[in-house]
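Undergrad: Structure file coords.txt (compact mmCIF, C-alpha atoms) right here:
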# COMPACT_ATOMS: atom_id res chain seq x y z
CA MET U 1 74.13 67.25 107.34
CA ALA U 2 75.54 67.30 110.84
CA THR U 3 79.06 67.14 109.44
CA SER U 4 78.43 69.96 107.04
CA THR U 5 76.94 72.12 109.79
CA LYS U 6 79.90 71.34 111.96
CA ALA U 7 82.29 72.20 109.12
CA ARG U 8 80.52 75.51 108.55
CA GLY U 9 80.63 76.13 112.28
CA GLY U 10 84.36 75.41 112.31
CA TYR U 11 84.90 77.71 109.37
CA ALA U 12 82.84 80.48 110.95
CA THR U 13 84.77 80.10 114.19
CA GLY U 14 88.04 80.23 112.27
CA THR U 15 86.97 83.40 110.49
CA ALA U 16 85.83 84.98 113.73
CA ARG U 17 89.11 83.98 115.39
CA ARG U 18 91.09 85.40 112.50
CA ARG U 19 89.14 88.65 112.72
CA GLN U 20 89.72 88.75 116.49
CA ILE U 21 93.49 88.44 115.95
CA LEU U 22 93.48 91.12 113.24
CA ASP U 23 91.60 93.54 115.52
CA ALA U 24 93.98 92.90 118.44
CA ALA U 25 97.03 93.25 116.18
CA MET U 26 95.73 96.51 114.70
CA ILE U 27 95.37 98.05 118.14
CA ARG U 28 98.71 96.72 119.40
CA PHE U 29 100.70 97.72 116.28
CA GLY U 30 98.97 101.09 116.48
CA GLN U 31 99.98 101.58 120.10
CA ASP U 32 103.53 100.23 120.04
CA GLY U 33 104.50 100.14 116.36
CA TYR U 34 105.30 97.04 114.37
CA ARG U 35 108.94 96.63 115.37
CA LYS U 36 108.28 96.70 119.10
CA THR U 37 105.31 94.34 119.08
CA SER U 38 105.79 90.60 119.60
CA LEU U 39 103.48 87.86 118.35
CA ALA U 40 103.15 86.59 121.92
CA ARG U 41 101.83 89.99 122.95
CA VAL U 42 99.19 89.99 120.18
CA ALA U 43 98.18 86.42 121.09
CA ARG U 44 97.74 87.50 124.71
CA ASP U 45 95.68 90.56 123.63
CA ALA U 46 93.48 88.35 121.44
CA GLY U 47 93.02 85.84 124.25
CA ILE U 48 94.48 82.86 122.38
CA THR U 49 97.64 80.78 122.57
CA ASP U 50 100.78 81.46 120.53
CA ALA U 51 100.14 78.22 118.61
CA GLY U 52 96.58 79.34 117.90
CA LEU U 53 97.86 82.59 116.42
CA LEU U 54 100.51 80.78 114.35
CA HIS U 55 97.77 78.57 112.92
CA HIS U 56 96.29 81.68 111.27
CA PHE U 57 99.43 83.73 110.56
CA ARG U 58 102.76 82.07 110.02
CA ASP U 59 104.84 84.99 111.38
CA LYS U 60 104.70 88.60 112.49
CA GLN U 61 105.25 89.93 109.00
CA ALA U 62 102.35 87.88 107.60
CA LEU U 63 100.17 89.25 110.39
CA LEU U 64 101.16 92.85 109.66
CA LEU U 65 100.49 92.51 105.95
CA ALA U 66 97.08 90.97 106.70
CA VAL U 67 96.23 93.82 109.10
CA ILE U 68 97.15 96.45 106.54
CA GLU U 69 95.28 94.74 103.71
CA HIS U 70 92.23 94.31 105.93
CA TRP U 71 92.33 98.03 106.69
CA HIS U 72 93.09 99.23 103.13
CA THR U 73 90.32 97.05 101.70
CA SER U 74 87.76 98.54 104.05
CA LEU U 75 88.95 102.05 103.08
CA ASP U 76 88.77 101.28 99.35
CA GLU U 77 85.27 99.84 99.73
CA ASN U 78 84.16 103.17 101.15
CA TRP U 79 85.02 104.91 97.89
CA LEU U 80 83.47 102.31 95.57
CA PRO U 81 79.75 103.10 95.79
CA LEU U 82 80.32 106.78 95.00
CA GLY U 83 79.05 108.47 91.89
CA ALA U 84 81.01 110.88 89.78
CA SER U 85 80.35 114.03 91.85
CA VAL U 86 83.50 115.24 93.59
CA ARG U 87 81.52 117.19 96.19
CA GLU U 88 79.61 113.99 97.02
CA ALA U 89 82.88 112.06 97.29
CA PHE U 90 84.27 114.69 99.66
CA ARG U 91 81.16 114.44 101.86
CA ALA U 92 81.39 110.64 101.93
CA HIS U 93 85.08 110.86 102.75
CA LEU U 94 84.24 113.08 105.68
CA GLU U 95 81.79 110.53 107.04
CA GLN U 96 84.45 107.90 106.69
CA ALA U 97 86.92 110.08 108.60
CA ALA U 98 84.39 110.34 111.43
CA GLN U 99 84.02 106.56 111.52
CA THR U 100 87.78 106.00 111.45
CA GLN U 101 88.26 108.38 114.36
CA ALA U 102 85.96 106.22 116.46
CA MET U 103 87.98 103.03 115.88
CA PRO U 104 90.67 102.51 118.49
CA GLY U 105 94.15 101.91 117.19
CA ILE U 106 93.52 102.60 113.53
CA ILE U 107 94.89 106.15 113.48
CA GLU U 108 97.87 105.13 115.60
CA LEU U 109 98.47 102.25 113.19
CA ALA U 110 98.29 104.53 110.17
CA VAL U 111 100.64 107.10 111.69
CA VAL U 112 103.17 104.92 113.52
CA VAL U 113 103.43 101.96 111.13
CA GLY U 114 103.05 104.28 108.13
CA ALA U 115 106.12 106.22 109.28
CA GLU U 116 108.10 103.06 110.13
CA ALA U 117 107.25 101.72 106.67
CA THR U 118 109.06 104.61 104.95
CA SER U 119 112.23 102.52 105.43
CA LEU U 120 113.05 100.57 102.30
CA ASP U 121 113.77 97.47 104.40
CA HIS U 122 110.42 97.52 106.25
CA PRO U 123 108.26 94.50 105.31
CA ALA U 124 105.24 96.72 104.57
CA HIS U 125 107.14 99.35 102.57
CA SER U 126 106.08 98.20 99.14
CA LEU U 127 102.48 97.62 100.26
CA PHE U 128 102.25 101.20 101.58
CA ARG U 129 103.96 102.67 98.53
CA LYS U 130 101.73 100.90 96.02
CA TRP U 131 98.55 101.68 97.93
CA GLN U 132 99.51 105.36 98.27
CA GLU U 133 100.41 105.85 94.63
CA LYS U 134 97.31 103.95 93.47
CA GLY U 135 95.18 106.16 95.74
CA VAL U 136 96.77 109.37 94.45
CA ALA U 137 96.35 108.27 90.81
CA GLU U 138 92.69 107.31 91.29
CA LEU U 139 91.93 110.54 93.13
CA ALA U 140 93.60 112.61 90.38
CA GLN U 141 91.54 110.75 87.78
CA ARG U 142 88.35 111.40 89.69
CA LEU U 143 89.16 115.11 89.92
CA ALA U 144 90.01 115.31 86.19
CA ALA U 145 86.68 113.60 85.44
CA GLY U 146 85.01 116.29 87.59
CA GLU U 147 86.59 118.95 85.38
CA THR U 148 85.38 117.15 82.22
CA ALA U 149 81.89 116.93 83.69
CA GLY U 150 81.93 120.67 84.38
CA GLU U 151 81.71 120.30 88.16
CA LEU U 152 85.29 121.53 88.68
CA ARG U 153 86.88 124.55 87.03
CA PRO U 154 89.66 124.00 84.48
CA GLY U 155 93.21 124.84 85.45
CA PRO U 156 94.40 123.11 88.64
CA ASP U 157 97.00 120.36 88.45
CA TRP U 158 94.79 117.49 89.65
CA HIS U 159 97.72 115.30 90.52
CA SER U 160 99.00 117.86 93.00
CA VAL U 161 95.48 118.42 94.40
CA ALA U 162 95.28 114.65 94.96
CA ARG U 163 98.62 114.73 96.82
CA GLU U 164 97.34 117.62 98.92
CA LEU U 165 94.22 115.65 99.89
CA VAL U 166 96.24 112.64 100.99
CA ALA U 167 98.81 114.84 102.76
CA VAL U 168 96.23 116.81 104.75
CA GLU U 169 94.53 113.65 105.92
CA GLU U 170 97.75 111.99 107.06
CA GLY U 171 99.30 115.21 108.35
CA LEU U 172 96.22 116.07 110.43
CA ARG U 173 96.22 112.60 112.00
CA LEU U 174 99.84 113.01 113.05
CA GLN U 175 99.07 116.48 114.38
CA TRP U 176 96.04 115.22 116.28
CA LEU U 177 98.01 112.45 118.01
CA THR U 178 100.96 114.75 118.73
CA GLY U 179 98.60 117.37 120.14
CA ASP U 180 97.02 114.85 122.55
CA ARG U 181 93.74 114.82 120.55
CA ALA U 182 92.99 118.33 121.78
CA PHE U 183 91.24 119.51 118.61
CA ASP U 184 88.38 118.04 116.58
CA LEU U 185 90.02 116.06 113.78
CA VAL U 186 86.87 115.74 111.66
CA ASP U 187 86.18 119.50 111.91
CA MET U 188 89.66 120.19 110.58
CA VAL U 189 89.26 117.73 107.69
CA ARG U 190 85.88 119.35 106.91
CA ALA U 191 87.36 122.88 106.94
CA HIS U 192 90.06 121.83 104.48
CA LEU U 193 87.66 120.02 102.12
CA ASP U 194 85.31 123.01 102.22
CA ARG U 195 88.07 125.51 101.36
CA LEU U 196 89.39 123.23 98.64
CA ILE U 197 86.06 122.54 96.93
CA ARG U 198 85.29 126.29 96.95
CA SER U 199 88.57 126.99 95.20
CA ILE U 200 88.39 124.20 92.61
CA SER U 201 84.65 123.94 91.87
CA ALA U 202 83.11 125.67 88.87
CA ASN U 203 80.37 127.28 90.97
CA GLY U 204 82.65 128.32 93.85
CA GLU U 205 80.36 126.71 96.41
CA GLY U 206 81.49 124.85 99.55
CA LEU U 207 80.71 121.39 100.88
CA GLU U 208 77.15 121.99 102.13
CA MET K 1 147.59 135.20 125.61
CA ALA K 2 148.71 131.69 124.70
CA THR K 3 146.44 130.20 127.37
CA SER K 4 143.45 132.23 126.26
CA THR K 5 144.01 131.19 122.64
CA LYS K 6 144.32 127.58 123.74
CA ALA K 7 141.16 127.88 125.83
CA ARG K 8 139.30 129.35 122.88
CA GLY K 9 140.71 126.58 120.72
CA GLY K 10 139.52 123.97 123.21
CA TYR K 11 136.08 125.54 123.36
CA ALA K 12 135.87 125.75 119.58
CA THR K 13 136.89 122.09 119.27
CA GLY K 14 134.27 121.12 121.86
CA THR K 15 131.58 123.02 119.96
CA ALA K 16 132.63 121.49 116.66
CA ARG K 17 132.64 118.02 118.24
CA ARG K 18 129.19 118.59 119.71
CA ARG K 19 127.91 119.72 116.32
CA GLN K 20 129.50 116.66 114.70
CA ILE K 21 127.66 114.37 117.13
CA LEU K 22 124.34 116.19 116.58
CA ASP K 23 124.70 115.86 112.81
CA ALA K 24 125.52 112.14 113.03
CA ALA K 25 122.67 111.54 115.47
CA MET K 26 120.21 113.41 113.27
CA ILE K 27 121.02 111.20 110.30
CA ARG K 28 121.02 107.97 112.33
CA PHE K 29 117.77 108.72 114.21
CA GLY K 30 116.31 109.70 110.84
CA GLN K 31 117.34 106.43 109.24
CA ASP K 32 116.58 103.98 112.04
CA GLY K 33 114.27 105.88 114.40
CA TYR K 34 115.07 106.80 117.97
CA ARG K 35 114.16 103.52 119.64
CA LYS K 36 116.33 101.36 117.42
CA THR K 37 119.42 103.57 117.55
CA SER K 38 122.15 102.97 120.14
CA LEU K 39 124.55 105.59 121.49
CA ALA K 40 127.46 103.36 120.45
CA ARG K 41 126.20 103.46 116.87
CA VAL K 42 126.00 107.28 116.89
CA ALA K 43 129.51 107.48 118.42
CA ARG K 44 130.80 105.23 115.64
CA ASP K 45 129.05 107.35 113.00
CA ALA K 46 130.55 110.53 114.47
CA GLY K 47 134.00 108.94 114.59
CA ILE K 48 134.45 109.31 118.37
CA THR K 49 134.54 106.99 121.36
CA ASP K 50 131.51 106.18 123.52
CA ALA K 51 133.15 108.08 126.39
CA GLY K 52 133.69 111.08 124.12
CA LEU K 53 130.01 111.12 123.25
CA LEU K 54 128.96 110.73 126.89
CA HIS K 55 131.12 113.76 127.74
CA HIS K 56 128.74 115.87 125.62
CA PHE K 57 125.41 114.06 126.15
CA ARG K 58 124.73 112.10 129.30
CA ASP K 59 122.37 109.59 127.63
CA LYS K 60 120.41 108.80 124.49
CA GLN K 61 117.43 110.82 125.59
CA ALA K 62 119.55 113.93 126.22
CA LEU K 63 121.05 113.49 122.76
CA LEU K 64 117.63 113.18 121.11
CA LEU K 65 116.29 116.27 122.84
CA ALA K 66 119.41 118.23 121.79
CA VAL K 67 119.01 117.07 118.18
CA ILE K 68 115.37 118.12 118.08
CA GLU K 69 116.03 121.50 119.71
CA HIS K 70 118.93 122.12 117.33
CA TRP K 71 116.63 121.41 114.42
CA HIS K 72 113.60 123.33 115.73
CA THR K 73 115.74 126.37 116.52
CA SER K 74 117.10 126.49 113.01
CA LEU K 75 113.53 126.24 111.64
CA ASP K 76 112.28 129.01 113.94
CA GLU K 77 115.17 131.29 112.94
CA ASN K 78 114.03 130.98 109.35
CA TRP K 79 110.72 132.62 110.21
CA LEU K 80 112.15 135.42 112.37
CA PRO K 81 113.45 137.90 109.76
CA LEU K 82 110.14 137.94 107.88
CA GLY K 83 107.94 141.00 107.58
CA ALA K 84 104.20 141.01 107.94
CA SER K 85 103.35 139.91 104.39
CA VAL K 86 101.87 136.42 104.31
CA ARG K 87 102.75 135.95 100.64
CA GLU K 88 106.38 136.81 101.48
CA ALA K 89 106.34 134.35 104.38
CA PHE K 90 105.01 131.60 102.09
CA ARG K 91 107.80 132.28 99.59
CA ALA K 92 110.44 132.18 102.33
CA HIS K 93 108.93 128.97 103.67
CA LEU K 94 109.25 127.45 100.22
CA GLU K 95 112.95 128.32 100.08
CA GLN K 96 113.38 126.73 103.47
CA ALA K 97 111.60 123.58 102.26
CA ALA K 98 114.08 123.39 99.37
CA GLN K 99 117.00 123.70 101.80
CA THR K 100 115.57 121.07 104.14
CA GLN K 101 115.12 118.63 101.29
CA ALA K 102 118.84 118.85 100.56
CA MET K 103 119.86 117.91 104.13
CA PRO K 104 120.26 114.15 104.58
CA GLY K 105 118.36 112.61 107.44
CA ILE K 106 116.30 115.61 108.46
CA ILE K 107 113.08 114.58 106.70
CA GLU K 108 113.48 110.99 107.90
CA LEU K 109 114.01 112.35 111.42
CA ALA K 110 110.92 114.54 111.20
CA VAL K 111 108.74 111.72 109.88
CA VAL K 112 110.02 108.70 111.80
CA VAL K 113 110.78 110.26 115.20
CA GLY K 114 107.77 112.58 114.85
CA ALA K 115 105.50 109.53 114.50
CA GLU K 116 107.24 107.62 117.32
CA ALA K 117 106.82 110.69 119.52
CA THR K 118 103.02 110.53 119.28
CA SER K 119 103.25 107.98 122.13
CA LEU K 120 102.63 109.66 125.46
CA ASP K 121 105.59 107.76 126.97
CA HIS K 122 108.10 108.83 124.29
CA PRO K 123 110.79 111.11 125.78
CA ALA K 124 110.28 113.73 123.05
CA HIS K 125 106.45 113.71 123.15
CA SER K 126 106.04 116.90 125.11
CA LEU K 127 108.75 118.70 123.09
CA PHE K 128 106.98 117.83 119.82
CA ARG K 129 103.55 118.71 121.19
CA LYS K 130 104.60 122.11 122.52
CA TRP K 131 106.54 123.01 119.39
CA GLN K 132 103.65 121.99 117.16
CA GLU K 133 100.99 123.90 119.07
CA LYS K 134 103.23 126.97 119.37
CA GLY K 135 103.85 126.83 115.62
CA VAL K 136 100.13 126.51 114.82
CA ALA K 137 99.24 129.39 117.17
CA GLU K 138 101.92 131.69 115.72
CA LEU K 139 100.93 130.85 112.16
CA ALA K 140 97.25 131.53 112.92
CA GLN K 141 98.23 134.89 114.46
CA ARG K 142 100.27 135.81 111.41
CA LEU K 143 97.35 134.96 109.12
CA ALA K 144 94.90 136.97 111.25
CA ALA K 145 97.32 139.91 111.10
CA GLY K 146 97.31 139.52 107.31
CA GLU K 147 93.53 139.88 107.35
CA THR K 148 93.77 143.00 109.54
CA ALA K 149 96.37 144.47 107.18
CA GLY K 150 94.03 143.87 104.23
CA GLU K 151 96.34 141.35 102.51
CA LEU K 152 93.99 138.42 103.23
CA ARG K 153 90.24 138.37 102.78
CA PRO K 154 87.99 138.18 105.83
CA GLY K 155 86.20 134.95 106.60
CA PRO K 156 88.50 131.91 106.84
CA ASP K 157 89.10 130.26 110.19
CA TRP K 158 92.82 131.06 110.47
CA HIS K 159 93.43 128.43 113.08
CA SER K 160 92.26 125.71 110.71
CA VAL K 161 94.27 127.22 107.83
CA ALA K 162 97.34 127.08 110.09
CA ARG K 163 96.65 123.40 110.84
CA GLU K 164 96.27 122.74 107.11
CA LEU K 165 99.66 124.35 106.41
CA VAL K 166 101.42 122.21 109.01
CA ALA K 167 99.52 119.08 107.91
CA VAL K 168 100.38 119.46 104.23
CA GLU K 169 104.04 119.96 105.00
CA GLU K 170 104.26 116.90 107.24
CA GLY K 171 101.91 114.80 105.14
CA LEU K 172 103.83 115.50 101.94
CA ARG K 173 107.09 114.50 103.61
CA LEU K 174 105.61 111.17 104.64
CA GLN K 175 104.19 110.69 101.15
CA TRP K 176 107.52 111.56 99.55
CA LEU K 177 109.42 109.01 101.65
CA THR K 178 106.74 106.34 101.20
CA GLY K 179 106.74 106.96 97.44
CA ASP K 180 110.53 106.46 97.21
CA ARG K 181 111.11 110.20 96.54
CA ALA K 182 109.60 109.77 93.07
CA PHE K 183 107.96 113.23 92.92
CA ASP K 184 109.34 116.72 93.49
CA LEU K 185 108.52 117.57 97.09
CA VAL K 186 109.17 121.30 96.75
CA ASP K 187 106.96 121.53 93.64
CA MET K 188 104.11 119.96 95.60
CA VAL K 189 104.57 122.35 98.55
CA ARG K 190 104.62 125.26 96.07
CA ALA K 191 101.43 124.09 94.32
CA HIS K 192 99.61 123.93 97.66
CA LEU K 193 100.83 127.34 98.86
CA ASP K 194 99.89 128.85 95.50
CA ARG K 195 96.36 127.42 95.62
CA LEU K 196 95.95 128.44 99.24
CA ILE K 197 97.14 132.04 98.84
CA ARG K 198 94.85 132.47 95.82
CA SER K 199 91.89 131.34 97.87
CA ILE K 200 92.64 133.39 101.01
CA SER K 201 94.24 136.57 99.63
CA ALA K 202 92.19 139.74 99.12
CA ASN K 203 93.43 140.17 95.54
CA GLY K 204 93.09 136.48 94.57
CA GLU K 205 96.65 136.36 93.25
CA GLY K 206 99.02 133.41 93.59
CA LEU K 207 102.53 133.12 94.96
CA GLU K 208 104.47 134.77 92.11
Could you rewrite the structure in this file as structure tokens?
TA:
Amino acid sequence: MATSTKARGGYATGTARRRQILDAAMIRFGQDGYRKTSLARVARDAGITDAGLLHHFRDKQALLLAVIEHWHTSLDENWLPLGASVREAFRAHLEQAAQTQAMPGIIELAVVVGAEATSLDHPAHSLFRKWQEKGVAELAQRLAAGETAGELRPGPDWHSVARELVAVEEGLRLQWLTGDRAFDLVDMVRAHLDRLIRSISANGEGLE
Amino acid sequence: MATSTKARGGYATGTARRRQILDAAMIRFGQDGYRKTSLARVARDAGITDAGLLHHFRDKQALLLAVIEHWHTSLDENWLPLGASVREAFRAHLEQAAQTQAMPGIIELAVVVGAEATSLDHPAHSLFRKWQEKGVAELAQRLAAGETAGELRPGPDWHSVARELVAVEEGLRLQWLTGDRAFDLVDMVRAHLDRLIRSISANGEGLE
């Protein structure tokens, strides 16, 4: 019994430690970019030794891939519980955007590492590409299903609407960081989603 | 006469050489990002000596700022000859997007250095911020003038429409690079502009 409790305790500590490293790495990669960040720096940020970090992640690339998967998984989970209504999905997405904005480092990570990862030789290139194209395809499918269900009007090229949705989100983040966070990011996402749903919905109504 | 011809020749050579360095730097910064690129590498790309490059640009930062201004100026010039019609401006913008796509390095530069420059301590941060906010403000003004002229319908928040336009352009570029250029970038820009002009124009018509 005591052993098993201790083992569970060790496991829980390991998981917490791993999480602590991922959080520190997310912020640091977000601030400085992947290429400029050293493992030693992340270890220092996380308050552990270099050896302690290497116990969880064998090198910087493994750490980056874990950070991105951790982040993508939490984004994907946000879409899972949604029903078929596109308007509902837009509203939920907006809530998620508000939550993301409150997390330090995540927008910087998305923008800075996302741009770095456009290089074919970047270790996260293929991860970003696959996740993006999967996201666009799923979004397009969801929109097409909205047309079939009669919620959206027939006509628009749903694939290009899906690309627009992804582009506005990423483009606004870049703009927000470049503009020293001087406008309300969530308001701008809301204004776009509202205009878009008015123009593609069968009843011509907005988000609210 | 001979001297003046020679002087003009020397000046013309200097201008051509400067242009040659700017073009090489644009491609190299676009491929590798600003931080990773050395002046020696740009000199090699441009086929001149390090000293030759330093004769034109005193350091890497001066070169980067010149590259960005060179590029921004050519973009701004594209908007200048336009009349007051928003639909016309959208069409001209689309032609410009097609031209940009054909220039090697420029989209990589926009995406990679643009993302790097979100850092407050990046030498081009303030240049990017000012250019972005000036562009958004001018675009919003142009849209508001379109409403006054009766071309656009009353109601939309033109400032947020302007941010959407800039976001889609930048977001689609990032998406195009991340997705290994597997979709037609100009088609996607056109589809967005067409949807947008339908939803904001007084007559509900598209681009064509």
Undergrad: Which residue, K:Ala92, K:Leu207, K:Leu143, K:Val111, has the smallest gap to chain U when you use only C-alpha atoms?
TA: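 Nearest to chain U: K:Val111.
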Undergrad: For chain K, list the residues within 6 Å of chain U, counting all atoms listed in the file, and write the list as a PyMOL selection string.
TA: chain K and resi 112+115+118+129+167-168+170-172+177-179
Undergrad: Go through U:Ala102, U:Leu185, U:Val86, U:Ile27 one by one, measure the shortest atom-to-atom distance of each to Ile197 of chain U using all atoms listed in the file, and give the residue with the smallest value.
TA: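 Ranking U:Ala102, U:Leu185, U:Val86, U:Ile27 by distance to Ile197 of chain U, first place goes to U:Val86.
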Undergrad: Expressed in Å to a single decimal, how great is the separation between atom CA of Asp45 of chain U and atom CA of Arg58 of chain U?
TA: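 For atom CA of Asp45 of chain U relative to atom CA of Arg58 of chain U, the distance reads 17.5 Å.
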Undergrad: For atom CA of Gln99 of chain K and atom CA of Val186 of chain K, determine how far apart the two atoms are, in Å to one decimal place.
TA: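 Rounded to one decimal, the two atoms are 9.6 Å apart.
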Undergrad: May I have the residues within 8 Å of Gly146 of chain U as an MDAnalysis selection string, using all atoms listed in the file and disregarding those fewer than 6 positions away in the same chain?
TA: chainID U and resid 84:86 152
Undergrad: By how many Å are atom CA of Pro154 of chain K and atom CA of Glu208 of chain U apart?
TA: 19.8 Å
